[in-house]
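What follows is the content of data-v9.txt (compact mmCIF, C-alpha atoms).
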```txt
# COMPACT_ATOMS: atom_id res chain seq x y z
CA MET A 1 -38.44 -79.17 -53.50
CA TYR A 2 -34.90 -78.78 -52.23
CA ILE A 3 -32.01 -81.25 -52.30
CA THR A 4 -28.69 -80.98 -50.49
CA GLN A 5 -25.92 -83.52 -51.05
CA ILE A 6 -22.74 -83.66 -48.96
CA PHE A 7 -19.66 -85.44 -50.31
CA GLN A 8 -15.88 -85.29 -50.68
CA LEU A 9 -13.71 -85.44 -53.75
CA SER A 10 -11.96 -88.70 -54.58
CA GLN A 11 -8.85 -86.77 -55.64
CA ASP A 12 -6.37 -84.48 -53.86
CA THR A 13 -6.58 -81.59 -56.31
CA LEU A 14 -9.45 -79.37 -57.38
CA PRO A 15 -11.09 -80.57 -60.61
CA SER A 16 -10.51 -78.39 -63.67
CA PRO A 17 -13.31 -76.07 -64.80
CA GLU A 18 -14.25 -78.59 -67.51
CA GLU A 19 -14.33 -81.47 -65.01
CA HIS A 20 -16.41 -79.40 -62.58
CA LEU A 21 -18.93 -78.54 -65.28
CA ARG A 22 -19.07 -82.16 -66.42
CA TYR A 23 -20.29 -83.08 -62.94
CA LEU A 24 -23.06 -80.54 -63.39
CA TRP A 25 -23.82 -81.94 -66.83
CA GLU A 26 -24.24 -85.40 -65.30
CA VAL A 27 -26.74 -83.97 -62.80
CA ALA A 28 -28.61 -82.14 -65.58
CA GLU A 29 -28.81 -85.42 -67.50
CA LEU A 30 -30.87 -86.86 -64.63
CA PHE A 31 -33.47 -84.17 -65.35
CA ASP A 32 -33.53 -84.70 -69.12
CA PRO A 33 -36.07 -87.58 -69.11
CA LEU A 34 -38.15 -85.63 -66.59
CA GLY A 35 -38.93 -82.82 -69.01
CA LEU A 36 -36.03 -80.41 -68.42
CA PRO A 37 -33.91 -80.77 -71.60
CA ILE A 38 -30.13 -80.80 -71.31
CA GLU A 39 -29.86 -77.83 -73.72
CA HIS A 40 -32.04 -75.59 -71.54
CA TRP A 41 -29.65 -75.04 -68.63
CA TYR A 42 -27.72 -71.78 -68.40
CA SER A 43 -24.53 -70.87 -66.57
CA SER A 44 -24.40 -68.70 -63.46
CA ALA A 45 -20.85 -67.75 -64.49
CA ALA A 46 -22.37 -65.18 -66.86
CA GLY A 47 -22.82 -62.80 -63.93
CA THR A 48 -26.53 -61.95 -64.15
CA PRO A 49 -29.65 -64.02 -64.88
CA LYS A 50 -30.36 -62.01 -68.04
CA LYS A 51 -26.85 -62.47 -69.41
CA SER A 52 -26.85 -66.16 -68.56
CA LEU A 53 -29.60 -66.82 -71.12
CA ARG A 54 -27.06 -66.15 -73.87
CA TYR A 55 -24.88 -69.01 -72.69
CA PRO A 56 -26.31 -72.55 -72.68
CA ALA A 57 -24.24 -74.55 -70.23
CA PHE A 58 -24.55 -77.94 -71.92
CA ASP A 59 -25.12 -79.78 -75.14
CA ALA A 60 -25.64 -83.49 -75.76
CA SER A 61 -21.94 -84.31 -75.30
CA GLY A 62 -21.13 -82.26 -72.20
CA PRO A 63 -20.44 -78.68 -71.06
CA THR A 64 -20.19 -76.12 -73.86
CA SER A 65 -16.75 -74.72 -74.68
CA THR A 66 -17.97 -71.16 -74.10
CA VAL A 67 -19.04 -71.87 -70.53
CA VAL A 68 -15.82 -73.79 -69.81
CA GLU A 69 -13.81 -70.75 -70.92
CA MET A 70 -15.98 -68.44 -68.81
CA LEU A 71 -15.32 -70.52 -65.70
CA ARG A 72 -11.62 -70.76 -66.52
CA ALA A 73 -11.46 -66.95 -66.76
CA GLN A 74 -13.31 -66.65 -63.44
CA ASP A 75 -10.76 -69.01 -61.86
CA LYS A 76 -7.94 -66.78 -63.04
CA LYS A 77 -9.65 -63.66 -61.76
CA ASP A 78 -10.34 -65.22 -58.35
CA ALA A 79 -6.93 -66.96 -58.13
CA VAL A 80 -8.70 -70.26 -57.48
CA THR A 81 -6.54 -73.02 -55.99
CA ASN A 82 -8.59 -75.36 -53.80
CA TYR A 83 -12.21 -74.15 -53.82
CA ARG A 84 -14.75 -73.29 -56.50
CA ILE A 85 -18.52 -72.88 -56.70
CA THR A 86 -20.54 -72.69 -59.88
CA GLY A 87 -24.08 -73.45 -60.91
CA VAL A 88 -26.75 -73.53 -63.58
CA TRP A 89 -30.45 -72.76 -63.89
CA THR A 90 -33.25 -73.31 -66.39
CA GLY A 91 -33.81 -69.63 -67.09
CA LYS A 92 -37.21 -69.39 -65.42
CA GLU A 93 -37.85 -67.66 -62.11
CA LYS A 94 -41.43 -69.00 -61.96
CA GLY A 95 -43.12 -72.19 -63.08
CA ARG A 96 -41.50 -75.42 -64.09
CA GLY A 97 -37.74 -75.31 -63.75
CA GLY A 98 -34.84 -75.51 -61.39
CA ALA A 99 -31.37 -74.45 -60.39
CA PHE A 100 -28.43 -76.15 -58.77
CA SER A 101 -24.82 -75.45 -57.84
CA THR A 102 -21.86 -77.40 -56.58
CA SER A 103 -19.12 -76.15 -54.31
CA LEU A 104 -15.98 -78.29 -54.65
CA SER A 105 -13.10 -78.21 -52.19
CA SER A 106 -9.69 -79.88 -52.13
CA ASP A 107 -8.71 -78.02 -48.96
CA VAL A 108 -7.36 -80.63 -46.53
CA GLY A 109 -8.65 -78.53 -43.64
CA ASN A 110 -12.20 -78.39 -45.01
CA PRO A 111 -12.75 -80.95 -47.78
CA THR A 112 -16.56 -80.81 -47.67
CA CYS A 113 -18.26 -80.43 -51.05
CA VAL A 114 -21.94 -79.55 -51.44
CA LEU A 115 -24.59 -79.86 -54.14
CA ARG A 116 -27.56 -77.53 -53.58
CA MET A 117 -30.61 -77.91 -55.78
CA GLN A 118 -34.08 -76.42 -55.95
CA PHE A 119 -36.79 -77.21 -58.48
CA ASP A 120 -40.50 -76.61 -58.99
CA GLN A 121 -43.26 -78.42 -60.90
CA VAL A 122 -41.13 -81.38 -61.94
CA ASP A 123 -44.15 -83.63 -61.47
CA ALA A 124 -42.33 -86.94 -61.94
CA LEU A 125 -40.31 -86.24 -58.79
CA ASP A 126 -43.48 -86.04 -56.71
CA ASP A 127 -43.45 -89.83 -56.92
CA ALA A 128 -41.40 -91.50 -54.18
CA ARG A 129 -39.96 -94.20 -56.45
CA ASN A 130 -38.85 -91.66 -59.03
CA MET A 131 -37.24 -89.54 -56.33
CA GLN A 132 -35.36 -92.57 -55.03
CA ARG A 133 -34.08 -93.31 -58.54
CA PHE A 134 -32.98 -89.68 -58.80
CA MET A 135 -31.08 -90.01 -55.53
CA PHE A 136 -29.39 -93.17 -56.77
CA GLY A 137 -28.34 -91.16 -59.82
CA LEU A 138 -26.74 -88.54 -57.58
CA LEU A 139 -24.95 -91.27 -55.65
CA ASP A 140 -23.58 -92.67 -58.91
CA ILE A 141 -22.03 -89.25 -59.61
CA TRP A 142 -20.59 -88.83 -56.10
CA PRO A 143 -20.25 -92.27 -54.44
CA THR A 144 -18.42 -90.71 -51.48
CA SER A 145 -21.58 -88.91 -50.33
CA THR A 146 -22.27 -88.93 -46.62
CA GLN A 147 -25.80 -87.54 -46.83
CA ILE A 148 -28.53 -86.36 -49.18
CA ARG A 149 -31.47 -84.38 -47.82
CA VAL A 150 -34.71 -84.08 -49.81
CA GLY A 151 -37.65 -81.94 -48.73
CA PRO A 152 -39.18 -78.48 -48.69
CA LEU A 153 -36.68 -75.78 -47.76
CA ILE A 154 -39.06 -74.43 -45.12
CA TYR A 155 -38.92 -77.75 -43.28
CA GLU A 156 -35.14 -77.59 -43.06
CA HIS A 157 -35.26 -73.99 -41.84
CA THR A 158 -38.18 -74.03 -39.40
CA HIS A 159 -39.45 -77.53 -38.60
CA LYS A 160 -36.54 -79.91 -38.04
CA VAL A 161 -35.68 -80.84 -34.48
CA PHE A 162 -31.94 -80.14 -34.26
CA PRO A 163 -30.58 -76.87 -35.71
CA ASN A 164 -27.10 -78.27 -36.36
CA ARG A 165 -28.08 -81.68 -37.73
CA PRO A 166 -29.76 -82.70 -40.98
CA GLY A 167 -33.53 -82.85 -41.12
CA ALA A 168 -35.28 -86.00 -42.26
CA GLY A 169 -37.71 -84.09 -44.47
CA TRP A 170 -39.18 -86.34 -47.14
CA MET A 171 -36.08 -88.47 -47.63
CA LEU A 172 -32.67 -88.62 -46.04
CA TYR A 173 -29.71 -90.64 -47.27
CA LEU A 174 -27.06 -91.55 -44.70
CA ASP A 175 -23.90 -93.48 -45.47
CA ARG A 176 -24.64 -96.30 -43.04
CA ALA A 177 -26.89 -99.31 -42.82
CA ILE A 178 -30.07 -98.65 -40.82
CA THR A 179 -32.57 -101.37 -39.98
CA PRO A 180 -36.33 -101.22 -39.32
CA LYS A 181 -35.61 -102.21 -35.74
CA GLU A 182 -33.44 -99.13 -35.32
CA LEU A 183 -35.91 -96.83 -37.08
CA PRO A 184 -39.51 -98.10 -36.93
CA GLU A 185 -40.90 -94.62 -37.65
CA ALA A 186 -39.69 -94.68 -41.28
CA ALA A 187 -42.24 -95.47 -43.98
CA GLU A 188 -39.48 -97.25 -45.88
CA LEU A 189 -35.75 -97.90 -45.62
CA VAL A 190 -34.08 -98.36 -49.00
CA PRO A 191 -30.66 -100.03 -48.85
CA VAL A 192 -27.90 -98.66 -51.07
CA ILE A 193 -25.77 -101.62 -52.14
CA GLU A 194 -22.45 -101.58 -53.96
CA GLY A 195 -20.22 -104.58 -54.50
CA GLY A 196 -22.47 -106.74 -52.38
CA LYS A 197 -22.08 -104.41 -49.39
CA GLN A 198 -24.61 -101.95 -48.00
CA ASN A 199 -22.97 -98.52 -48.07
CA GLY A 200 -25.98 -96.51 -46.96
CA THR A 201 -29.72 -96.16 -46.50
CA ILE A 202 -32.40 -93.89 -47.96
CA ILE A 203 -34.82 -93.10 -45.15
CA VAL A 204 -38.33 -92.28 -46.38
CA SER A 205 -40.75 -90.50 -44.06
CA VAL A 206 -43.84 -90.58 -46.33
CA MET A 207 -44.42 -93.03 -49.18
CA ASP A 208 -47.95 -92.53 -50.52
CA GLU A 209 -47.71 -88.79 -51.23
CA VAL A 210 -45.17 -86.02 -51.56
CA PHE A 211 -43.95 -84.57 -48.25
CA ASN A 212 -45.70 -81.34 -47.26
CA ALA A 213 -44.32 -79.13 -44.49
CA ASP A 214 -47.82 -77.73 -43.96
CA ASN A 215 -49.10 -81.19 -43.03
CA PRO A 216 -48.65 -81.64 -39.24
CA GLU A 217 -48.60 -85.43 -39.58
CA HIS A 218 -45.75 -85.30 -42.09
CA VAL A 219 -43.75 -82.98 -39.82
CA LYS A 220 -44.46 -85.21 -36.82
CA ILE A 221 -43.12 -88.30 -38.61
CA ALA A 222 -39.97 -86.53 -39.84
CA ASN A 223 -39.31 -85.14 -36.36
CA ALA A 224 -39.73 -88.59 -34.83
CA ILE A 225 -37.20 -90.02 -37.30
CA GLU A 226 -34.67 -87.35 -36.35
CA VAL A 227 -35.12 -87.95 -32.62
CA ARG A 228 -34.85 -91.72 -32.98
CA LEU A 229 -31.67 -91.41 -35.06
CA ALA A 230 -30.12 -88.91 -32.67
CA ASP A 231 -30.91 -91.08 -29.64
CA GLN A 232 -28.85 -93.86 -31.25
CA ASP A 233 -26.07 -91.52 -32.39
CA LEU A 234 -26.99 -92.20 -36.03
CA LEU A 235 -27.77 -88.60 -37.03
CA PRO A 236 -24.62 -86.68 -38.00
CA ARG A 237 -23.79 -83.32 -36.55
```

Spell out the structure here as structure tokens.
Amino acid sequence: MYITQIFQLSQDTLPSPEEHLRYLWEVAELFDPLGLPIEHWYSSAAGTPKKSLRYPAFDASGPTSTVVEMLRAQDKKDAVTNYRITGVWTGKEKGRGGAFSTSLSSDVGNPTCVLRMQFDQVDALDDARNMQRFMFGLLDIWPTSTQIRVGPLIYEHTHKVFPNRPGAGWMLYLDRAITPKELPEAAELVPVIEGGKQNGTIIVSVMDEVFNADNPEHVKIANAIEVRLADQDLLPR
């Protein structure tokens, strides 16, 4: 499964290496009760997958000091001012595990920040309710998110309707209220409420099973959601 989250920073300057890694730690904490322990994530700043296994990225209290120093040294080498990307993985190329990275930008000309995540065999996230809770966790970390896309990577690459717009996939969060009247094709619309106001909607294409890009009916529903949203100018470009 693949997740992409789009957001902007709530500050004008690039977070420090420690702050950046703490964001990643908060994401890794969402996986901890799902069977991927916080201590078993490793830093991509090590340079190679083999080397990374020497450097656990996190402990129970946050990012490890070693990994913070590694990223700080990388900043100095790259002369980082307003953009940085770093990530972690579980150390396994096959089987149960995952990897994710965040690119953070304080560039006023291009302030878009992106979380990219891929994981396999995290069985709890095959359940729609658990996935929704996971998405709410991501929104707690970055409340300024404009979209979160959840689904197989192959759907995003080969099956979505519009090349330059997000695919609905299994679930799609948009930072706007969407009603069943506007989107009857959705299996469920989950409102995201903060301070008594609806800030967004999680659009679910399939509720009773995990989305499968090899299932023509699943693809048909997701495509119909995208078309309906685009027709009403509700699908971002």

message: For Tyr83 (chain A), find every residue with an atom within 8 Å (counting only C-alpha atoms), except residues of its own chain fewer than 6 positions away, and show them as a VMD selection string.
response: chain A and resid 14 103 to 107

Excluding Thr146 (chain A) and any residue of its chain fewer than 6 positions from it, enumerate the residues within 8 Å of it, using only C-alpha atoms, and give them as a short mmCIF file (atom, residue, chain, number, x, y, z; two decimals) with C-alpha atoms, keeping the file's coordinate frame.
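Saved result, out.cif, follows:
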```cif
data_model
loop_
_atom_site.label_atom_id
_atom_site.label_comp_id
_atom_site.auth_asym_id
_atom_site.auth_seq_id
_atom_site.Cartn_x
_atom_site.Cartn_y
_atom_site.Cartn_z
CA GLN A 5 -25.92 -83.52 -51.05
CA ILE A 6 -22.74 -83.66 -48.96
CA PHE A 7 -19.66 -85.44 -50.31
CA TYR A 173 -29.71 -90.64 -47.27
CA LEU A 174 -27.06 -91.55 -44.70
CA ASP A 175 -23.90 -93.48 -45.47
#
```

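Pairwise distance (CA of Leu172 (chain A), CA of Ile148 (chain A)) equals 5.7 Å.
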
Which polymer residues have any atom within 10 Å of an atom of Val108 (chain A), counting all atoms listed in the file, with same-chain residues fewer than 2 positions away left out, as a PDB file with C-alpha atoms, in the coordinates of the input?
```pdb
ATOM      1  CA  ASP A  12      -6.370 -84.480 -53.860  1.00  0.00           C
ATOM      2  CA  THR A  13      -6.580 -81.590 -56.310  1.00  0.00           C
ATOM      3  CA  ASN A  82      -8.590 -75.360 -53.800  1.00  0.00           C
ATOM      4  CA  SER A 105     -13.100 -78.210 -52.190  1.00  0.00           C
ATOM      5  CA  SER A 106      -9.690 -79.880 -52.130  1.00  0.00           C
ATOM      6  CA  ASN A 110     -12.200 -78.390 -45.010  1.00  0.00           C
ATOM      7  CA  PRO A 111     -12.750 -80.950 -47.780  1.00  0.00           C
ATOM      8  CA  THR A 112     -16.560 -80.810 -47.670  1.00  0.00           C
TER       9      THR A 112
END
```

Near Asn164 (chain A), within 9 Å and counting all atoms listed in the file, which residues show up once chain neighbours fewer than 2 positions away are dropped, as a short mmCIF file (atom, residue, chain, number, x, y, z; two decimals) with C-alpha atoms, in the frame of the given file?
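To be explicit, this is the file written out as part.cif:
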```cif
data_model
loop_
_atom_site.label_atom_id
_atom_site.label_comp_id
_atom_site.auth_asym_id
_atom_site.auth_seq_id
_atom_site.Cartn_x
_atom_site.Cartn_y
_atom_site.Cartn_z
CA PHE A 162 -31.94 -80.14 -34.26
CA PRO A 166 -29.76 -82.70 -40.98
CA PRO A 236 -24.62 -86.68 -38.00
CA ARG A 237 -23.79 -83.32 -36.55
#
```

- request: Work out how far apart CA of Pro37 (chain A) and CA of Ser101 (chain A) are and give it in Å to one decimal.
  value: 17.3 Å

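Shortest separation to Val122 (chain A) among A:Trp142, A:Trp89, A:Phe31, A:Tyr155 occurs at residue A:Phe31, atoms counted being all atoms listed in the file.
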